[in-house]
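Next comes model-v3.cif, a file with mmCIF, C-alpha atoms.
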```
data_work
loop_
_atom_site.label_atom_id
_atom_site.label_comp_id
_atom_site.auth_asym_id
_atom_site.auth_seq_id
_atom_site.Cartn_x
_atom_site.Cartn_y
_atom_site.Cartn_z
CA SER A 1 18.52 50.68 31.06
CA GLN A 2 20.45 47.74 32.49
CA GLN A 3 20.94 47.88 36.25
CA GLY A 4 23.60 45.21 36.32
CA GLU A 5 26.56 44.54 34.12
CA GLU A 6 28.23 41.15 34.08
CA ASP A 7 31.90 40.58 33.48
CA PRO A 8 33.22 38.84 31.47
CA GLN A 9 30.70 38.74 28.62
CA ALA A 10 31.96 35.29 27.66
CA LEU A 11 34.08 32.71 29.46
CA SER A 12 35.49 29.40 28.21
CA ILE A 13 37.16 27.01 30.64
CA GLN A 14 38.21 23.38 30.86
CA GLU A 15 35.93 20.91 32.59
CA GLY A 16 36.87 20.62 36.23
CA GLU A 17 38.13 24.20 36.52
CA ASN A 18 36.38 26.90 38.53
CA ALA A 19 34.38 29.66 36.82
CA THR A 20 33.98 33.13 38.27
CA MET A 21 31.54 35.73 37.00
CA ASN A 22 31.10 39.25 38.31
CA CYS A 23 28.15 41.61 38.43
CA SER A 24 28.15 45.34 39.12
CA TYR A 25 25.05 47.43 39.77
CA LYS A 26 24.23 51.09 40.16
CA THR A 27 21.76 51.77 42.99
CA SER A 28 20.81 50.44 46.41
CA ILE A 29 19.20 47.02 46.38
CA ASN A 30 17.15 44.77 48.64
CA ASN A 31 18.65 41.60 47.24
CA LEU A 32 20.64 40.24 44.32
CA GLN A 33 19.86 37.03 42.50
CA TRP A 34 21.69 34.82 40.02
CA TYR A 35 19.94 32.93 37.23
CA ARG A 36 20.97 30.44 34.59
CA GLN A 37 19.58 30.17 31.05
CA ASN A 38 20.13 27.34 28.63
CA SER A 39 19.87 28.39 25.01
CA GLY A 40 16.32 29.21 23.97
CA ARG A 41 14.82 28.37 27.36
CA GLY A 42 13.42 30.22 30.33
CA LEU A 43 15.65 31.24 33.21
CA VAL A 44 16.19 29.11 36.30
CA HIS A 45 16.86 30.63 39.70
CA LEU A 46 20.19 29.68 41.29
CA ILE A 47 20.62 31.71 44.45
CA LEU A 48 19.42 34.87 46.21
CA ILE A 49 21.59 36.95 48.52
CA ARG A 50 20.13 39.75 50.63
CA SER A 51 21.74 43.14 51.04
CA ASN A 52 22.75 42.36 54.64
CA GLU A 53 24.50 39.12 53.66
CA ARG A 54 28.10 38.91 52.41
CA GLU A 55 28.39 35.31 51.23
CA LYS A 56 26.11 32.41 50.43
CA HIS A 57 26.67 28.83 49.29
CA SER A 58 24.53 26.34 47.45
CA GLY A 59 26.15 23.10 46.35
CA ARG A 60 28.97 24.01 43.93
CA LEU A 61 27.87 27.67 43.87
CA ARG A 62 29.32 30.44 45.99
CA VAL A 63 28.00 33.98 45.79
CA THR A 64 29.50 37.05 47.41
CA LEU A 65 28.03 40.52 47.74
CA ASP A 66 29.93 43.74 48.42
CA THR A 67 27.40 46.55 48.83
CA SER A 68 30.13 49.16 49.30
CA LYS A 69 31.43 48.38 45.81
CA LYS A 70 27.98 47.57 44.43
CA SER A 71 29.23 44.26 43.10
CA SER A 72 28.65 40.53 43.37
CA SER A 73 30.46 37.44 42.16
CA LEU A 74 29.29 33.93 41.31
CA LEU A 75 31.80 31.10 41.63
CA ILE A 76 31.03 27.68 40.15
CA THR A 77 33.49 25.10 41.40
CA ALA A 78 34.53 21.90 39.63
CA SER A 79 32.73 22.83 36.42
CA ARG A 80 30.92 20.26 34.31
CA ALA A 81 29.85 20.23 30.67
CA ALA A 82 26.25 20.64 31.84
CA ASP A 83 27.16 24.03 33.34
CA THR A 84 27.41 25.46 29.82
CA ALA A 85 24.79 28.22 29.78
CA SER A 86 24.31 31.96 30.17
CA TYR A 87 24.33 33.36 33.68
CA PHE A 88 22.57 36.56 34.73
CA CYS A 89 22.47 38.64 37.85
CA ALA A 90 19.25 40.42 38.79
CA THR A 91 18.73 43.18 41.30
CA ASP A 92 15.70 44.26 43.26
CA TYR A 93 15.70 48.04 43.58
CA SER A 94 15.11 49.33 47.08
CA SER A 95 12.65 52.02 46.07
CA ALA A 96 11.16 50.87 42.79
CA SER A 97 10.53 47.21 43.73
CA LYS A 98 11.20 46.00 40.23
CA ILE A 99 13.70 43.32 39.23
CA ILE A 100 16.26 44.27 36.62
CA PHE A 101 18.65 41.89 34.87
CA GLY A 102 22.21 42.38 33.77
CA SER A 103 23.63 41.62 30.35
CA GLY A 104 24.81 38.12 31.20
CA THR A 105 27.92 35.95 30.95
CA ARG A 106 28.04 33.12 28.40
CA LEU A 107 29.90 30.22 29.97
CA SER A 108 31.30 27.39 27.86
CA ILE A 109 32.84 24.31 29.44
CA ARG A 110 35.34 22.46 27.22
CA PRO A 111 35.54 18.68 27.69
CA ASP B 1 2.22 20.64 38.71
CA GLY B 2 2.63 24.28 39.66
CA GLY B 3 4.30 26.61 37.24
CA ILE B 4 4.03 29.24 34.56
CA THR B 5 2.65 28.56 31.12
CA GLN B 6 3.36 30.80 28.17
CA SER B 7 1.63 30.44 24.82
CA PRO B 8 2.12 30.30 21.98
CA LYS B 9 5.73 29.09 21.89
CA TYR B 10 6.21 30.51 18.39
CA LEU B 11 4.24 33.34 16.81
CA PHE B 12 4.48 35.09 13.49
CA ARG B 13 3.06 38.54 12.91
CA LYS B 14 2.60 40.65 9.86
CA GLU B 15 3.54 44.28 10.11
CA GLY B 16 0.69 46.40 11.43
CA GLN B 17 -0.93 43.58 13.41
CA ASN B 18 -1.42 43.43 17.15
CA VAL B 19 -0.64 40.11 18.83
CA THR B 20 -1.27 38.91 22.37
CA LEU B 21 1.03 36.60 24.31
CA SER B 22 -0.52 34.57 27.10
CA CYS B 23 0.99 34.02 30.54
CA GLU B 24 -0.76 31.94 33.20
CA GLN B 25 0.53 30.88 36.61
CA ASN B 26 -0.89 28.56 39.26
CA LEU B 27 1.69 29.36 41.93
CA ASN B 28 -0.56 31.85 43.74
CA HIS B 29 2.07 34.55 43.23
CA ASP B 30 1.10 38.19 43.56
CA ALA B 31 3.80 39.63 41.28
CA MET B 32 4.15 39.00 37.57
CA TYR B 33 6.63 40.32 35.00
CA TRP B 34 7.21 40.53 31.25
CA TYR B 35 10.72 40.70 29.83
CA ARG B 36 12.06 40.97 26.32
CA GLN B 37 15.29 39.28 25.24
CA ASP B 38 17.10 39.99 21.98
CA PRO B 39 19.69 37.53 20.59
CA GLY B 40 22.79 37.37 22.74
CA GLN B 41 21.45 40.03 25.09
CA GLY B 42 20.14 40.30 28.61
CA LEU B 43 16.52 40.68 29.69
CA ARG B 44 14.79 44.04 29.54
CA LEU B 45 11.71 44.73 31.66
CA ILE B 46 8.56 45.63 29.75
CA TYR B 47 5.83 45.70 32.42
CA TYR B 48 5.33 44.32 35.90
CA SER B 49 2.39 43.92 38.23
CA GLN B 50 2.38 43.71 42.00
CA ILE B 51 -1.31 43.01 42.42
CA VAL B 52 -4.51 42.44 40.48
CA ASN B 53 -5.79 45.48 38.55
CA ASP B 54 -2.48 47.30 38.94
CA PHE B 55 0.68 47.33 36.81
CA GLN B 56 3.70 49.54 36.16
CA LYS B 57 5.80 50.31 33.12
CA GLY B 58 9.27 48.88 32.93
CA ASP B 59 12.18 50.24 30.95
CA ILE B 60 10.81 49.49 27.44
CA ALA B 61 7.00 49.73 27.71
CA GLU B 62 6.44 51.74 24.51
CA GLY B 63 4.47 49.73 21.95
CA TYR B 64 3.26 47.19 24.51
CA SER B 65 0.18 46.89 26.71
CA VAL B 66 -0.84 44.55 29.54
CA SER B 67 -3.80 43.76 31.76
CA ARG B 68 -4.08 42.07 35.17
CA GLU B 69 -7.72 41.22 35.65
CA LYS B 70 -7.00 37.93 37.42
CA LYS B 71 -4.19 36.95 39.77
CA GLU B 72 -3.31 34.00 37.56
CA SER B 73 -3.09 35.81 34.24
CA PHE B 74 -0.91 38.61 32.82
CA PRO B 75 -1.29 38.81 29.01
CA LEU B 76 1.01 41.01 26.94
CA THR B 77 -0.15 42.68 23.74
CA VAL B 78 2.48 43.70 21.23
CA THR B 79 0.91 46.54 19.28
CA SER B 80 1.63 47.86 15.81
CA ALA B 81 3.33 50.80 17.52
CA GLN B 82 6.22 48.52 18.49
CA LYS B 83 8.54 49.01 15.53
CA ASN B 84 10.94 46.17 16.19
CA PRO B 85 8.95 43.42 17.92
CA THR B 86 10.96 40.38 16.79
CA ALA B 87 12.33 38.96 20.04
CA PHE B 88 12.04 36.27 22.71
CA TYR B 89 9.46 37.20 25.36
CA LEU B 90 9.66 35.81 28.88
CA CYS B 91 7.01 35.92 31.58
CA ALA B 92 7.80 35.39 35.26
CA SER B 93 6.07 35.43 38.61
CA SER B 94 7.18 35.69 42.22
CA ILE B 95 6.12 36.29 45.74
CA TRP B 96 6.99 39.94 45.98
CA ALA B 97 10.68 40.63 45.23
CA GLY B 98 11.62 37.01 45.73
CA GLU B 99 12.77 34.28 43.40
CA LEU B 100 11.36 34.61 39.89
CA PHE B 101 9.77 31.58 38.25
CA PHE B 102 9.95 31.78 34.48
CA GLY B 103 7.89 30.32 31.68
CA GLU B 104 9.54 28.74 28.66
CA GLY B 105 9.13 31.87 26.55
CA SER B 106 7.37 32.95 23.37
CA ARG B 107 9.35 33.69 20.24
CA LEU B 108 7.76 36.39 18.09
CA THR B 109 8.84 36.94 14.51
CA VAL B 110 7.62 39.74 12.28
CA LEU B 111 7.23 38.71 8.66
#
```

Would you write out, as structure tokens, the structure that this file holds?
Amino acid sequence: SQQGEEDPQALSIQEGENATMNCSYKTSINNLQWYRQNSGRGLVHLILIRSNEREKHSGRLRVTLDTSKKSSSLLITASRAADTASYFCATDYSSASKIIFGSGTRLSIRP
Amino acid sequence: DGGITQSPKYLFRKEGQNVTLSCEQNLNHDAMYWYRQDPGQGLRLIYYSQIVNDFQKGDIAEGYSVSREKKESFPLTVTSAQKNPTAFYLCASSIWAGELFFGEGSRLTVL
């Protein structure tokens, strides 16, 4: 079963625009992470936000977490062609201590 | 350089054969994970291990087996009981419940 579900499944924007992806999950978590995957490659960690944090920034990335709604969002500002990739959220269950990934958002940046 | 090494990168299997995918890490991480990814899909957890000589089933463990005899190594065997093994397999490690470090993946095709 997938713990997290990303929305939208696919997103195409113009270079320079902002991209927002959302993740919803089902049970209590210790933390939520976002990863990026280029086609056919392993995943690369972007950012981790703990359950007691509401917002976190890293360069052009901004992540928010709303534990009351069991949801998170990833904002990429001033998008670039190199941002084209799939983005996944991953949650660490509070009780099971296993990390489960969502279904992902495929982001395409048009030049 | 520290990291995770998966081998082989590509593997072909005849029906009825068992195959073993290798995963080695030199990051001194306690936790290791195996995920399966089907085309255009998210990652599904097969097995994970928190410590040497101990491992737990993930969401899709049927038809797979693992061992954790050394901290550095977490091999995955895809058995003949796995009816649809063609997929991209990703290994990862972490300090417990932290950022996951991924290998570059192994692509298994059943002939």

Do me a favour and pick out the residues of chain B within 8 Å of chain A, using all atoms listed in the file, as an MDAnalysis selection string.
chainID B and resid 41:45 48 59 90 97 99:105

Could you jot down the atom CA of A:Leu74 to atom CA of A:Met21 separation for me, Å, one decimal place?
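Result for atom CA of A:Leu74 versus atom CA of A:Met21: 5.2 Å, one decimal.
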
For A:Ser108, list every protein, DNA or RNA residue within 8 Å, evaluated using all atoms listed in the file, and leave out those in the same chain fewer than 6 positions away; present the list as a PyMOL selection string.
chain A and resi 10-13+81+83-85

Go ahead and write the selection's residues with C-alpha atoms as a PDB file, in the coordinates of the input.
```pdb
ATOM      1  CA  ALA A  10      31.960  35.290  27.660  1.00  0.00           C
ATOM      2  CA  LEU A  11      34.080  32.710  29.460  1.00  0.00           C
ATOM      3  CA  SER A  12      35.490  29.400  28.210  1.00  0.00           C
ATOM      4  CA  ILE A  13      37.160  27.010  30.640  1.00  0.00           C
ATOM      5  CA  ALA A  81      29.850  20.230  30.670  1.00  0.00           C
ATOM      6  CA  ASP A  83      27.160  24.030  33.340  1.00  0.00           C
ATOM      7  CA  THR A  84      27.410  25.460  29.820  1.00  0.00           C
ATOM      8  CA  ALA A  85      24.790  28.220  29.780  1.00  0.00           C
TER       9      ALA A  85
END
```

Of the candidates A:Ser28, A:Ser71, A:Ile76, A:Glu15, which shows the shortest atom-to-atom distance to A:Ser58, using all atoms listed in the file?
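Of all the options, A:Ile76 lies closest to A:Ser58.
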
Can you spell out as a PyMOL selection string the set of residues that the PyMOL selection byres ((chain A and resi 79) around 6) selects in the structure I just provided?
chain A and resi 15-18+77-78+80

Given the file above and the PyMOL selection byres ((chain B and resi 34) around 8), which residues are selected, and can you give them as a PyMOL selection string?
chain B and resi 32-33+35-36+45-48+76+89-92

Expanded to explicit residues, what is the PyMOL selection byres ((chain B and resi 66) around 6) for this file, as an MDAnalysis selection string?
chainID B and resid 65 67 75:76

Using atom CA of A:Arg54 and atom CA of A:Leu107 as the two end points, give the distance in Å to one decimal.
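Between atom CA of A:Arg54 and atom CA of A:Leu107 the gap works out to 24.1 Å.
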
Measure the distance from atom CA of B:Gln56 to atom CA of B:Glu15 in Å and round it to one decimal.
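Result for atom CA of B:Gln56 versus atom CA of B:Glu15: 26.6 Å, one decimal.
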
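For the residues B:Leu108, B:Leu27, B:Val19, B:Ala61, ranking by smallest atom-to-atom distance to B:Thr79 using all atoms listed in the file places B:Val19 first.
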
Just need the box for stretch 22-41 of chain A, edges along x, y and z, holding every atom the file lists for it with 6 Å tacked onto each side, so centre and edge lengths in Å to one decimal, as JSON.
```
{"center_x": 23.0, "center_y": 39.6, "center_z": 36.3, "size_x": 28.3, "size_y": 36.4, "size_z": 36.7}
```

Would you fill the gaps in stretch 10-21 of chain A so it has all heavy atoms, then print it as a compact mmCIF listing (two decimals), in the coordinates of the input?
```txt
# COMPACT_ATOMS: atom_id res chain seq x y z
N ALA A 10 31.86 36.69 28.03
CA ALA A 10 31.96 35.29 27.66
C ALA A 10 33.16 34.68 28.37
O ALA A 10 34.18 35.36 28.59
CB ALA A 10 32.10 35.13 26.15
N LEU A 11 33.03 33.40 28.72
CA LEU A 11 34.08 32.71 29.46
C LEU A 11 34.12 31.26 28.99
O LEU A 11 33.09 30.59 28.95
CB LEU A 11 33.76 32.78 30.96
CG LEU A 11 34.70 32.09 31.93
CD1 LEU A 11 36.09 32.71 31.85
CD2 LEU A 11 34.15 32.19 33.36
N SER A 12 35.31 30.79 28.64
CA SER A 12 35.49 29.40 28.21
C SER A 12 36.56 28.77 29.08
O SER A 12 37.69 29.27 29.16
CB SER A 12 35.90 29.36 26.73
OG SER A 12 36.08 28.02 26.31
N ILE A 13 36.22 27.68 29.74
CA ILE A 13 37.16 27.01 30.64
C ILE A 13 37.12 25.51 30.41
O ILE A 13 36.19 24.97 29.79
CB ILE A 13 36.86 27.32 32.12
CG1 ILE A 13 35.45 26.82 32.50
CG2 ILE A 13 37.02 28.79 32.41
CD1 ILE A 13 35.16 26.95 33.98
N GLN A 14 38.12 24.84 30.96
CA GLN A 14 38.21 23.38 30.86
C GLN A 14 37.33 22.76 31.94
O GLN A 14 37.20 23.31 33.06
CB GLN A 14 39.66 22.97 31.08
CG GLN A 14 40.05 21.63 30.49
CD GLN A 14 40.23 21.69 28.98
OE1 GLN A 14 40.57 22.72 28.43
NE2 GLN A 14 39.99 20.58 28.31
N GLU A 15 36.73 21.64 31.61
CA GLU A 15 35.93 20.91 32.59
C GLU A 15 36.77 20.62 33.83
O GLU A 15 37.94 20.24 33.73
CB GLU A 15 35.43 19.60 31.97
CG GLU A 15 34.36 18.90 32.78
CD GLU A 15 33.69 17.77 32.01
OE1 GLU A 15 34.21 17.41 30.93
OE2 GLU A 15 32.64 17.29 32.45
N GLY A 16 36.16 20.84 34.98
CA GLY A 16 36.87 20.62 36.23
C GLY A 16 37.43 21.89 36.83
O GLY A 16 37.69 21.96 38.04
N GLU A 17 37.64 22.93 36.01
CA GLU A 17 38.13 24.20 36.52
C GLU A 17 36.99 24.97 37.18
O GLU A 17 35.82 24.65 37.02
CB GLU A 17 38.74 25.03 35.39
CG GLU A 17 39.99 24.43 34.79
CD GLU A 17 40.57 25.29 33.68
OE1 GLU A 17 39.81 26.08 33.08
OE2 GLU A 17 41.77 25.16 33.39
N ASN A 18 37.38 26.02 37.92
CA ASN A 18 36.38 26.90 38.53
C ASN A 18 36.06 28.05 37.59
O ASN A 18 36.92 28.53 36.85
CB ASN A 18 36.90 27.45 39.85
CG ASN A 18 37.13 26.38 40.89
OD1 ASN A 18 36.59 25.27 40.78
ND2 ASN A 18 37.90 26.70 41.91
N ALA A 19 34.81 28.52 37.64
CA ALA A 19 34.38 29.66 36.82
C ALA A 19 33.91 30.78 37.74
O ALA A 19 33.12 30.53 38.66
CB ALA A 19 33.24 29.24 35.90
N THR A 20 34.39 31.98 37.49
CA THR A 20 33.98 33.13 38.27
C THR A 20 33.39 34.20 37.36
O THR A 20 33.99 34.57 36.35
CB THR A 20 35.17 33.73 39.04
OG1 THR A 20 35.70 32.76 39.93
CG2 THR A 20 34.72 34.96 39.84
N MET A 21 32.21 34.66 37.73
CA MET A 21 31.54 35.73 37.00
C MET A 21 31.24 36.87 37.97
O MET A 21 30.93 36.62 39.13
CB MET A 21 30.22 35.22 36.41
CG MET A 21 30.40 34.25 35.27
SD MET A 21 28.97 33.22 35.00
CE MET A 21 29.39 31.81 36.03
```
